[in-house]
Amino acid sequence: MGALGPGADVLLVDGGDATYLCHWMRESGLADLLPSLPDTVWVGVSAGSMVMTPRIGAYFVEWPSAPDDRTLGVVDFSVFPHLDAFPQNTMADAARWAAGIGVPAYAIDEQTAVQVVDGAVEVISEGRWKKFGP
């Protein structure tokens, strides 16, 4: 991977389609490299955070070649991003999505982040969010 290695402090991964991103993270070898980077901070925005979850739900699958909604599963919860930012991203939409996701899930707005350090999950927010499930 050349420039990416033990010296990388932060990986900033922006949005798009989480299943497409997951596919290319696996194809490129980045997904396999992640466990060897325990001190590297992952900053995910939109699909960049969703790709780290076990599933994104059919609601967010847009890539026609996606075999299903499974992603990397680095964390044990799923994320419904952009709460209230779009007409189709209401709390009611998030509740319907979470009911079928099968893992704990967070609906978060643009002023909210979910931080995971050594397995401990913390929501940092000046906005609106909700945890679904256990």
# chains A, B, ... in the order shown; residues from 1 in each chain; ligands from 1
$ select_by_dssp --residues "chain A" --states "strand (DSSP E or B)" --output "number ranges by chain"
A: 10-13, 41-44, 55, 70, 78-80, 105-108, 112-117, 120-125, 129-132
$ write_last_selection --atoms "C-alpha atoms" --output "PDB file, in the first residue's frame"
ATOM      1  CA  VAL A  10      -5.459   9.316  10.610  1.00  0.00           C
ATOM      2  CA  LEU A  11      -7.436   7.853   7.742  1.00  0.00           C
ATOM      3  CA  LEU A  12     -10.203  10.229   6.611  1.00  0.00           C
ATOM      4  CA  VAL A  13     -12.809   8.390   4.559  1.00  0.00           C
ATOM      5  CA  VAL A  41      -7.598   6.889  13.874  1.00  0.00           C
ATOM      6  CA  TRP A  42     -10.383   6.194  11.369  1.00  0.00           C
ATOM      7  CA  VAL A  43     -12.528   9.251  10.661  1.00  0.00           C
ATOM      8  CA  GLY A  44     -15.524   8.229   8.610  1.00  0.00           C
ATOM      9  CA  ARG A  55     -24.637  -4.053   7.904  1.00  0.00           C
ATOM     10  CA  ARG A  70     -23.002  -6.434   4.635  1.00  0.00           C
ATOM     11  CA  SER A  78     -24.861   0.131  12.462  1.00  0.00           C
ATOM     12  CA  VAL A  79     -25.241   3.813  11.576  1.00  0.00           C
ATOM     13  CA  PHE A  80     -28.129   5.706   9.980  1.00  0.00           C
ATOM     14  CA  ALA A 105     -27.912   1.014  15.695  1.00  0.00           C
ATOM     15  CA  TYR A 106     -27.487   4.765  15.921  1.00  0.00           C
ATOM     16  CA  ALA A 107     -29.409   7.391  13.960  1.00  0.00           C
ATOM     17  CA  ILE A 108     -27.227  10.506  13.905  1.00  0.00           C
ATOM     18  CA  THR A 112     -23.207  14.006  15.932  1.00  0.00           C
ATOM     19  CA  ALA A 113     -20.315  11.542  15.928  1.00  0.00           C
ATOM     20  CA  VAL A 114     -19.940   8.047  17.303  1.00  0.00           C
ATOM     21  CA  GLN A 115     -16.523   7.455  18.817  1.00  0.00           C
ATOM     22  CA  VAL A 116     -15.162   3.967  19.487  1.00  0.00           C
ATOM     23  CA  VAL A 117     -11.967   3.584  21.527  1.00  0.00           C
ATOM     24  CA  ALA A 120     -16.041   1.577  24.226  1.00  0.00           C
ATOM     25  CA  VAL A 121     -18.735   3.459  22.280  1.00  0.00           C
ATOM     26  CA  GLU A 122     -19.463   7.112  23.029  1.00  0.00           C
ATOM     27  CA  VAL A 123     -21.853   9.437  21.226  1.00  0.00           C
ATOM     28  CA  ILE A 124     -20.567  13.004  20.931  1.00  0.00           C
ATOM     29  CA  SER A 125     -23.302  15.391  19.908  1.00  0.00           C
ATOM     30  CA  TRP A 129     -29.438  11.231  17.712  1.00  0.00           C
ATOM     31  CA  LYS A 130     -31.009   8.028  18.985  1.00  0.00           C
ATOM     32  CA  LYS A 131     -29.766   4.556  19.812  1.00  0.00           C
ATOM     33  CA  PHE A 132     -31.932   1.623  18.711  1.00  0.00           C
TER      34      PHE A 132
END
$ residues_around --residues "Asp69 in chain A" --least-positions-apart "6" --cutoff "6 Å" --atoms "only C-alpha atoms" --output "PDB file with N, CA, C and O atoms, in the first residue's frame"
ATOM      1  N   ARG A  55     -23.617  -4.143   8.950  1.00  0.00           N
ATOM      2  CA  ARG A  55     -24.637  -4.053   7.904  1.00  0.00           C
ATOM      3  C   ARG A  55     -25.082  -2.601   7.769  1.00  0.00           C
ATOM      4  O   ARG A  55     -25.075  -1.862   8.736  1.00  0.00           O
ATOM      5  N   ILE A  56     -25.507  -2.242   6.561  1.00  0.00           N
ATOM      6  CA  ILE A  56     -26.034  -0.892   6.362  1.00  0.00           C
ATOM      7  C   ILE A  56     -27.543  -0.906   6.135  1.00  0.00           C
ATOM      8  O   ILE A  56     -28.178   0.133   6.151  1.00  0.00           O
ATOM      9  N   GLY A  57     -28.116  -2.079   5.904  1.00  0.00           N
ATOM     10  CA  GLY A  57     -29.544  -2.185   5.626  1.00  0.00           C
ATOM     11  C   GLY A  57     -29.836  -1.928   4.158  1.00  0.00           C
ATOM     12  O   GLY A  57     -29.162  -1.121   3.507  1.00  0.00           O
ATOM     13  N   ALA A  58     -30.826  -2.617   3.639  1.00  0.00           N
ATOM     14  CA  ALA A  58     -31.201  -2.472   2.226  1.00  0.00           C
ATOM     15  C   ALA A  58     -31.536  -1.026   1.871  1.00  0.00           C
ATOM     16  O   ALA A  58     -31.351  -0.592   0.734  1.00  0.00           O
TER      17      ALA A  58
END
$ select_by_dssp --residues "range 9-105 of chain A" --states "helix (DSSP H, G or I)" --output "PyMOL selection string"
chain A and resi 18-28+30-36+47-50+58-60+91-99
$ closest_residue --among "A:Ala47, A:Gly102, A:Met25, A:Ala94" --to "Val61 in chain A" --atoms "only C-alpha atoms"
A:Ala47
$ closest_residue --among "A:Gly15, A:Pro38, A:Gly119, A:Pro54" --to "His82 in chain A" --atoms "only C-alpha atoms"
A:Gly15
$ residues_around --residues "Val103 in chain A" --least-positions-apart "6" --cutoff "8 Å" --atoms "only C-alpha atoms" --output "PyMOL selection string"
chain A and resi 76-78+133
$ closest_residue --among "A:Glu62, A:Asp17, A:Asp84, A:Asp32" --to "Ser49 in chain A" --atoms "only C-alpha atoms"
A:Asp17
$ closest_residue --among "A:Tyr59, A:Val75, A:Asp68, A:Gly29" --to "Asp93 in chain A" --atoms "only C-alpha atoms"
A:Tyr59
$ residues_around --residues "Ala85 in chain A" --least-positions-apart "3" --cutoff "12 Å" --atoms "only C-alpha atoms" --output "ChimeraX atom specification"
/A:46,80-82,88-91,107-111,127-128
$ residues_around --residues "His23 in chain A" --least-positions-apart "4" --cutoff "9 Å" --atoms "only C-alpha atoms" --output "MDAnalysis selection string"
chainID A and resid 18:19 27:28 66 71
$ write_last_selection --atoms "C-alpha atoms" --output "PDB file, in the first residue's frame"
ATOM      1  CA  ALA A  18     -20.885   2.062   1.548  1.00  0.00           C
ATOM      2  CA  THR A  19     -21.141  -1.248  -0.339  1.00  0.00           C
ATOM      3  CA  GLU A  27     -10.069  -5.558  -3.259  1.00  0.00           C
ATOM      4  CA  SER A  28      -7.264  -3.107  -2.496  1.00  0.00           C
ATOM      5  CA  ALA A  66     -23.671  -5.164  -4.197  1.00  0.00           C
ATOM      6  CA  THR A  71     -19.969  -4.272   5.253  1.00  0.00           C
TER       7      THR A  71
END
$ closest_residue --among "A:Ser65, A:Phe60, A:Leu34, A:Gly16" --to "Trp97 in chain A" --atoms "only C-alpha atoms"
A:Phe60
